[in-house]
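Structure first, then comments.
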Amino acid sequence: MQATMKDMEEFYKQLKNGSIQRAYKTLLSYMMRLRTYFKNKYSESSVFTLYQGYMDMTYFAISTPALKQRDLKIAIVFNYEAFCFEAWLAGRNRKVNRQYWELLKEKKFSGYRIVSPGKGVDSIIEYDLAQGNELTDMDSLTKIIEKNMNLFIVDIEEALQSVA
C-alpha cells in the first residue's frame with residue numbers, strides 16, 4: 001500500500017500537532033512494561049521480543065511449556081485498527097498454524113474467533129483482552145489483560161488436550 005501526497009500531507013499535519021507521538025510513545029512504553037511484567041511473573045514461560053510493527057499491530061509473544069511442545073505461542077497484540085489488545089494463538093510458522101487450525105476449527109469457543117488461514121493471516125484463534133482507551137490506567141489495564149490472558153491460555157491448553 002503506497003501513501004499518496006495527500007496522505008503524507010495529512011500525516012505531517014497530524015505529527016505537527018504532537019498527539020500521535022505522545023500516544024505512540026505511551027503505547028510502546030506500556031507494551032515494553034507489560035512484556036517485562038509477564039517475563040518476570042511467568043518465568044516458566046518463554047517471553048519473546050517486542051515487535052513494534054507499522055502502526056498496524058504491536059505485539060510480543062508468550063509460550064507456556066505446554067504450548068512450546070506444540071510449536072505454539074500466544075501473542076499479546078495491540079491491534080491499531082480495532083484499537084484494542086488481543087490474544088492470538090499462533091504457530092511457529094504457517095504450516096503449524098494450518099495444522100492446528102484443522103484440529104481446532106470445529107471447536108466451539110465462547111467469545112473467541114477462529115481465523116481461517118490465508119495470506120497475511122498470523123493467528124489461529126483470537127480473543128479481545130481489553131480496549132486501547134484503557135491505557136489511561138495502566139495498572140488496571142495490566143490486571144485486566146493478565147486475567148483475560150490466563151483464561152485464554154487455560155481454554156486453549158484444555159482444547160489442545162482434547163484434540164491431540
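Ligands are numbered from 1 in the order shown, chains are lettered A, B, ... in the order of the C-alpha cells, and residues start at 1 in each chain.
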So that I can check the surroundings of Met31 in chain A, please list as a PDB file with N, CA, C and O atoms, in the first residue's frame every protein, DNA and RNA residue that reaches within 10 Å of it, counting only C-alpha atoms and ignoring chain neighbours fewer than 5 positions away.
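What follows is the written file selection-v2.pdb:
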```pdb
ATOM      1  N   LYS A  25       4.251   6.813  21.819  1.00  0.00           N
ATOM      2  CA  LYS A  25       5.277   6.587  22.842  1.00  0.00           C
ATOM      3  C   LYS A  25       4.654   5.935  24.084  1.00  0.00           C
ATOM      4  O   LYS A  25       5.233   5.017  24.669  1.00  0.00           O
ATOM      5  N   THR A  26       3.476   6.392  24.474  1.00  0.00           N
ATOM      6  CA  THR A  26       2.784   5.797  25.620  1.00  0.00           C
ATOM      7  C   THR A  26       2.464   4.332  25.361  1.00  0.00           C
ATOM      8  O   THR A  26       2.691   3.475  26.226  1.00  0.00           O
ATOM      9  N   THR A  36       7.784  -6.981  30.129  1.00  0.00           N
ATOM     10  CA  THR A  36       8.662  -7.198  31.287  1.00  0.00           C
ATOM     11  C   THR A  36       7.876  -7.810  32.448  1.00  0.00           C
ATOM     12  O   THR A  36       8.352  -8.717  33.129  1.00  0.00           O
ATOM     13  N   TYR A  37       6.668  -7.320  32.650  1.00  0.00           N
ATOM     14  CA  TYR A  37       5.805  -7.853  33.710  1.00  0.00           C
ATOM     15  C   TYR A  37       5.572  -9.353  33.508  1.00  0.00           C
ATOM     16  O   TYR A  37       5.747 -10.155  34.430  1.00  0.00           O
ATOM     17  N   LEU A  50       9.607  -7.707  21.696  1.00  0.00           N
ATOM     18  CA  LEU A  50       8.529  -6.823  21.262  1.00  0.00           C
ATOM     19  C   LEU A  50       8.716  -6.469  19.794  1.00  0.00           C
ATOM     20  O   LEU A  50       9.802  -6.084  19.370  1.00  0.00           O
ATOM     21  N   TYR A  51       7.649  -6.610  19.029  1.00  0.00           N
ATOM     22  CA  TYR A  51       7.615  -6.204  17.626  1.00  0.00           C
ATOM     23  C   TYR A  51       6.781  -4.931  17.559  1.00  0.00           C
ATOM     24  O   TYR A  51       5.614  -4.937  17.939  1.00  0.00           O
ATOM     25  N   GLN A  52       7.390  -3.837  17.090  1.00  0.00           N
ATOM     26  CA  GLN A  52       6.683  -2.553  17.073  1.00  0.00           C
ATOM     27  C   GLN A  52       5.681  -2.437  15.945  1.00  0.00           C
ATOM     28  O   GLN A  52       4.661  -1.790  16.089  1.00  0.00           O
ATOM     29  N   THR A  58       1.276  -4.023  17.243  1.00  0.00           N
ATOM     30  CA  THR A  58       2.463  -4.102  18.085  1.00  0.00           C
ATOM     31  C   THR A  58       2.213  -5.287  18.999  1.00  0.00           C
ATOM     32  O   THR A  58       1.119  -5.428  19.538  1.00  0.00           O
ATOM     33  N   TYR A  59       3.217  -6.155  19.156  1.00  0.00           N
ATOM     34  CA  TYR A  59       2.971  -7.353  19.963  1.00  0.00           C
ATOM     35  C   TYR A  59       4.257  -7.949  20.516  1.00  0.00           C
ATOM     36  O   TYR A  59       5.362  -7.650  20.073  1.00  0.00           O
ATOM     37  N   PHE A  60       4.057  -8.838  21.486  1.00  0.00           N
ATOM     38  CA  PHE A  60       5.098  -9.760  21.932  1.00  0.00           C
ATOM     39  C   PHE A  60       4.389 -11.081  22.175  1.00  0.00           C
ATOM     40  O   PHE A  60       3.162 -11.131  22.333  1.00  0.00           O
ATOM     41  N   ILE A  76       0.367 -11.254  22.576  1.00  0.00           N
ATOM     42  CA  ILE A  76      -0.435 -10.164  23.114  1.00  0.00           C
ATOM     43  C   ILE A  76      -0.239  -9.023  22.122  1.00  0.00           C
ATOM     44  O   ILE A  76       0.868  -8.501  21.972  1.00  0.00           O
ATOM     45  N   VAL A  77      -1.324  -8.690  21.439  1.00  0.00           N
ATOM     46  CA  VAL A  77      -1.275  -7.782  20.295  1.00  0.00           C
ATOM     47  C   VAL A  77      -2.060  -6.515  20.601  1.00  0.00           C
ATOM     48  O   VAL A  77      -3.183  -6.597  21.107  1.00  0.00           O
ATOM     49  N   PHE A  78      -1.472  -5.367  20.267  1.00  0.00           N
ATOM     50  CA  PHE A  78      -2.282  -4.161  20.201  1.00  0.00           C
ATOM     51  C   PHE A  78      -2.635  -3.998  18.734  1.00  0.00           C
ATOM     52  O   PHE A  78      -1.766  -3.791  17.896  1.00  0.00           O
ATOM     53  N   THR A 142      -3.239  -3.691  33.028  1.00  0.00           N
ATOM     54  CA  THR A 142      -2.384  -4.873  33.151  1.00  0.00           C
ATOM     55  C   THR A 142      -3.138  -6.007  33.846  1.00  0.00           C
ATOM     56  O   THR A 142      -3.069  -7.159  33.422  1.00  0.00           O
TER      57      THR A 142
END
```
Met138 in chain A environment, 12 Å, only C-alpha atoms, sequence neighbours closer than 2 positions dropped, as a list in words: Thr26, Leu27, Ser29, Tyr30, Met31, Arg33, Leu34, Tyr37, Ala130, Gln131, Gly132, Asn133, Glu134, Leu135, Thr136, Ser140, Leu141, Thr142, Lys143, Ile144, Ile145 and Glu146 of chain A
Who sits within 10 Å of Ala159 in chain A, only C-alpha atoms, same chain under 6 positions skipped, as a VMD selection string: chain A and resid 103 to 104 107 to 109 153
Residues from the last selection, N, CA, C and O atoms, saved as a compact mmCIF listing (two decimals), in the first residue's frame:
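Listed below is the output, part-v4.txt:
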```txt
# COMPACT_ATOMS: atom_id res chain seq x y z
N LEU A 103 -7.24 -28.84 13.43
CA LEU A 103 -7.63 -29.54 14.65
C LEU A 103 -8.68 -28.78 15.46
O LEU A 103 -9.52 -29.38 16.13
N LEU A 104 -8.64 -27.45 15.41
CA LEU A 104 -9.48 -26.64 16.29
C LEU A 104 -10.68 -25.98 15.61
O LEU A 104 -11.55 -25.43 16.29
N LYS A 107 -14.16 -26.68 16.98
CA LYS A 107 -14.39 -26.44 18.40
C LYS A 107 -15.30 -25.23 18.59
O LYS A 107 -15.24 -24.27 17.84
N LYS A 108 -16.10 -25.27 19.61
CA LYS A 108 -16.97 -24.14 19.96
C LYS A 108 -16.31 -23.37 21.09
O LYS A 108 -16.21 -23.86 22.21
N PHE A 109 -15.82 -22.19 20.77
CA PHE A 109 -15.19 -21.33 21.76
C PHE A 109 -16.07 -20.12 21.98
O PHE A 109 -16.36 -19.38 21.05
N ILE A 153 -5.32 -18.83 27.95
CA ILE A 153 -4.32 -19.90 27.97
C ILE A 153 -4.94 -21.20 28.48
O ILE A 153 -4.74 -22.26 27.89
```
Ser46 in chain A environment, 12 Å, only C-alpha atoms, sequence neighbours closer than 6 positions dropped, as a PDB file with N, CA and C atoms, in the first residue's frame:
```
ATOM      1  N   ARG A  35       5.406  -6.518  28.676  1.00  0.00           N
ATOM      2  CA  ARG A  35       6.274  -7.644  28.331  1.00  0.00           C
ATOM      3  C   ARG A  35       7.177  -7.992  29.520  1.00  0.00           C
ATOM      4  N   THR A  36       7.784  -6.981  30.129  1.00  0.00           N
ATOM      5  CA  THR A  36       8.662  -7.198  31.287  1.00  0.00           C
ATOM      6  C   THR A  36       7.876  -7.810  32.448  1.00  0.00           C
ATOM      7  N   PHE A  38       5.188  -9.743  32.290  1.00  0.00           N
ATOM      8  CA  PHE A  38       4.942 -11.158  32.004  1.00  0.00           C
ATOM      9  C   PHE A  38       6.227 -11.978  32.102  1.00  0.00           C
ATOM     10  N   LYS A  39       7.327 -11.436  31.637  1.00  0.00           N
ATOM     11  CA  LYS A  39       8.617 -12.144  31.687  1.00  0.00           C
ATOM     12  C   LYS A  39       9.024 -12.421  33.134  1.00  0.00           C
ATOM     13  N   ASN A  40       8.835 -11.439  34.013  1.00  0.00           N
ATOM     14  CA  ASN A  40       9.198 -11.603  35.418  1.00  0.00           C
ATOM     15  C   ASN A  40       8.232 -12.498  36.179  1.00  0.00           C
ATOM     16  N   PHE A  60       4.057  -8.838  21.486  1.00  0.00           N
ATOM     17  CA  PHE A  60       5.098  -9.760  21.932  1.00  0.00           C
ATOM     18  C   PHE A  60       4.389 -11.081  22.175  1.00  0.00           C
ATOM     19  N   ALA A  61       5.151 -12.145  22.168  1.00  0.00           N
ATOM     20  CA  ALA A  61       4.554 -13.473  22.299  1.00  0.00           C
ATOM     21  C   ALA A  61       5.035 -14.159  23.568  1.00  0.00           C
ATOM     22  N   ILE A  62       4.194 -15.060  24.047  1.00  0.00           N
ATOM     23  CA  ILE A  62       4.477 -15.876  25.220  1.00  0.00           C
ATOM     24  C   ILE A  62       4.204 -17.326  24.826  1.00  0.00           C
ATOM     25  N   SER A  63       5.087 -18.209  25.268  1.00  0.00           N
ATOM     26  CA  SER A  63       4.857 -19.632  25.025  1.00  0.00           C
ATOM     27  C   SER A  63       5.020 -20.374  26.342  1.00  0.00           C
ATOM     28  N   THR A  64       3.922 -20.933  26.823  1.00  0.00           N
ATOM     29  CA  THR A  64       3.978 -21.755  28.035  1.00  0.00           C
ATOM     30  C   THR A  64       4.678 -23.062  27.679  1.00  0.00           C
ATOM     31  N   PRO A  65       5.147 -23.818  28.667  1.00  0.00           N
ATOM     32  CA  PRO A  65       5.776 -25.107  28.345  1.00  0.00           C
ATOM     33  C   PRO A  65       4.868 -26.021  27.502  1.00  0.00           C
ATOM     34  N   ALA A  66       3.567 -26.052  27.812  1.00  0.00           N
ATOM     35  CA  ALA A  66       2.638 -26.912  27.055  1.00  0.00           C
ATOM     36  C   ALA A  66       2.486 -26.434  25.610  1.00  0.00           C
ATOM     37  N   LEU A  67       2.461 -25.131  25.397  1.00  0.00           N
ATOM     38  CA  LEU A  67       2.340 -24.597  24.036  1.00  0.00           C
ATOM     39  C   LEU A  67       3.646 -24.787  23.268  1.00  0.00           C
ATOM     40  N   LYS A  68       4.748 -24.577  23.949  1.00  0.00           N
ATOM     41  CA  LYS A  68       6.062 -24.689  23.307  1.00  0.00           C
ATOM     42  C   LYS A  68       6.270 -26.095  22.725  1.00  0.00           C
ATOM     43  N   GLN A  69       5.808 -27.115  23.430  1.00  0.00           N
ATOM     44  CA  GLN A  69       5.926 -28.505  22.945  1.00  0.00           C
ATOM     45  C   GLN A  69       5.234 -28.693  21.600  1.00  0.00           C
ATOM     46  N   ASP A  71       4.932 -26.184  19.309  1.00  0.00           N
ATOM     47  CA  ASP A  71       5.362 -25.085  18.431  1.00  0.00           C
ATOM     48  C   ASP A  71       4.315 -23.973  18.343  1.00  0.00           C
ATOM     49  N   LEU A  72       3.628 -23.733  19.465  1.00  0.00           N
ATOM     50  CA  LEU A  72       2.605 -22.691  19.527  1.00  0.00           C
ATOM     51  C   LEU A  72       3.012 -21.600  20.502  1.00  0.00           C
ATOM     52  N   LYS A  73       2.408 -20.441  20.332  1.00  0.00           N
ATOM     53  CA  LYS A  73       2.625 -19.316  21.222  1.00  0.00           C
ATOM     54  C   LYS A  73       1.351 -18.484  21.241  1.00  0.00           C
ATOM     55  N   ILE A  74       1.280 -17.605  22.207  1.00  0.00           N
ATOM     56  CA  ILE A  74       0.178 -16.649  22.256  1.00  0.00           C
ATOM     57  C   ILE A  74       0.784 -15.256  22.205  1.00  0.00           C
ATOM     58  N   ALA A  75       0.338 -14.487  21.245  1.00  0.00           N
ATOM     59  CA  ALA A  75       0.801 -13.114  21.114  1.00  0.00           C
ATOM     60  C   ALA A  75      -0.178 -12.192  21.818  1.00  0.00           C
TER      61      ALA A  75
END
```
Residues flagged strand (DSSP E or B) by DSSP in range 62-140 of chain A, as JSON, numbers by chain: {"A": [62, 63, 72, 73, 74, 75, 76, 77, 78, 79, 84, 85, 86, 87, 88, 89, 90, 91, 113, 114, 125, 126, 127, 128, 129, 130, 131]}
Residues within 10 Å of Gly111 in chain A, only C-alpha atoms, excluding chain neighbours under 5 positions, as an MDAnalysis selection string: chainID A and resid 126:128
9 Å contact set for Arg94 in chain A, only C-alpha atoms, chain neighbours under 5 positions out, as a PyMOL selection string: chain A and resi 99+117+121-122
Got time to write the residues from that selection, all heavy atoms, as a CSV table (one decimal), in the first residue's frame?
```csv
chain,number,residue,atom,x,y,z
A,99,GLN,N,-2.0,-26.7,10.6
A,99,GLN,CA,-2.2,-27.9,11.3
A,99,GLN,C,-3.1,-27.8,12.5
A,99,GLN,O,-4.1,-28.5,12.6
A,99,GLN,CB,-0.8,-28.4,11.8
A,99,GLN,CG,-0.9,-29.6,12.7
A,99,GLN,CD,0.5,-29.9,13.3
A,99,GLN,OE1,1.5,-29.4,12.9
A,99,GLN,NE2,0.5,-30.8,14.3
A,117,PRO,N,-7.1,-19.7,7.7
A,117,PRO,CA,-5.8,-19.5,7.2
A,117,PRO,C,-5.9,-18.7,5.8
A,117,PRO,O,-6.8,-18.9,5.1
A,117,PRO,CB,-5.2,-20.8,6.9
A,117,PRO,CG,-6.0,-21.8,7.6
A,117,PRO,CD,-7.4,-21.2,7.8
A,121,VAL,N,-2.4,-13.9,7.2
A,121,VAL,CA,-3.1,-14.2,8.5
A,121,VAL,C,-2.1,-14.9,9.4
A,121,VAL,O,-1.4,-15.9,9.0
A,121,VAL,CB,-4.3,-15.2,8.2
A,121,VAL,CG1,-4.9,-15.7,9.5
A,121,VAL,CG2,-5.3,-14.5,7.4
A,122,ASP,N,-1.9,-14.3,10.6
A,122,ASP,CA,-0.9,-14.8,11.5
A,122,ASP,C,-1.4,-15.6,12.7
A,122,ASP,O,-0.7,-16.1,13.5
A,122,ASP,CB,0.0,-13.6,12.0
A,122,ASP,CG,0.7,-12.9,10.9
A,122,ASP,OD1,1.3,-13.6,10.1
A,122,ASP,OD2,0.7,-11.7,10.9
```
Test item, helix (DSSP H, G or I) assignment across range 60-164 of chain A, answer as a count of residues only: 46
Coordinates-based distance that separates CA of Lys95 in chain A from CA of Ile156 in chain A (Å, one decimal): 18.6 Å
Separation of CA of Ile20 in chain A from CA of Lys147 in chain A, in Å and rounded to one decimal: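 So the answer is 29.1 Å.
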CA of Glu102 in chain A to CA of Gly120 in chain A, distance in Å rounded to a single decimal: 17.8 Å
From A:Asn148, A:Val163, A:Gly91, A:Asp137, residue lying nearest Glu106 in chain A [only C-alpha atoms]: A:Val163
Using only C-alpha atoms, find each residue of range 86-142 of chain A with at least one atom at most 10 Å away from an atom of range 149-152 of chain A; report its shortest atom-to-atom pair and that distance in Å (one decimal), sort the rows by chain and rising residue number, and return the result as CSV.
```
residue,atom,partner,partner_atom,distance
A:Glu86,CA,A:Met149,CA,8.9
A:Ala87,CA,A:Met149,CA,6.8
A:Trp88,CA,A:Phe152,CA,9.4
A:Leu89,CA,A:Phe152,CA,9.1
A:Tyr112,CA,A:Phe152,CA,8.8
A:Ile125,CA,A:Phe152,CA,9.9
A:Glu126,CA,A:Phe152,CA,9.3
A:Tyr127,CA,A:Phe152,CA,7.6
A:Asp128,CA,A:Met149,CA,9.4
A:Leu129,CA,A:Met149,CA,6.9
```
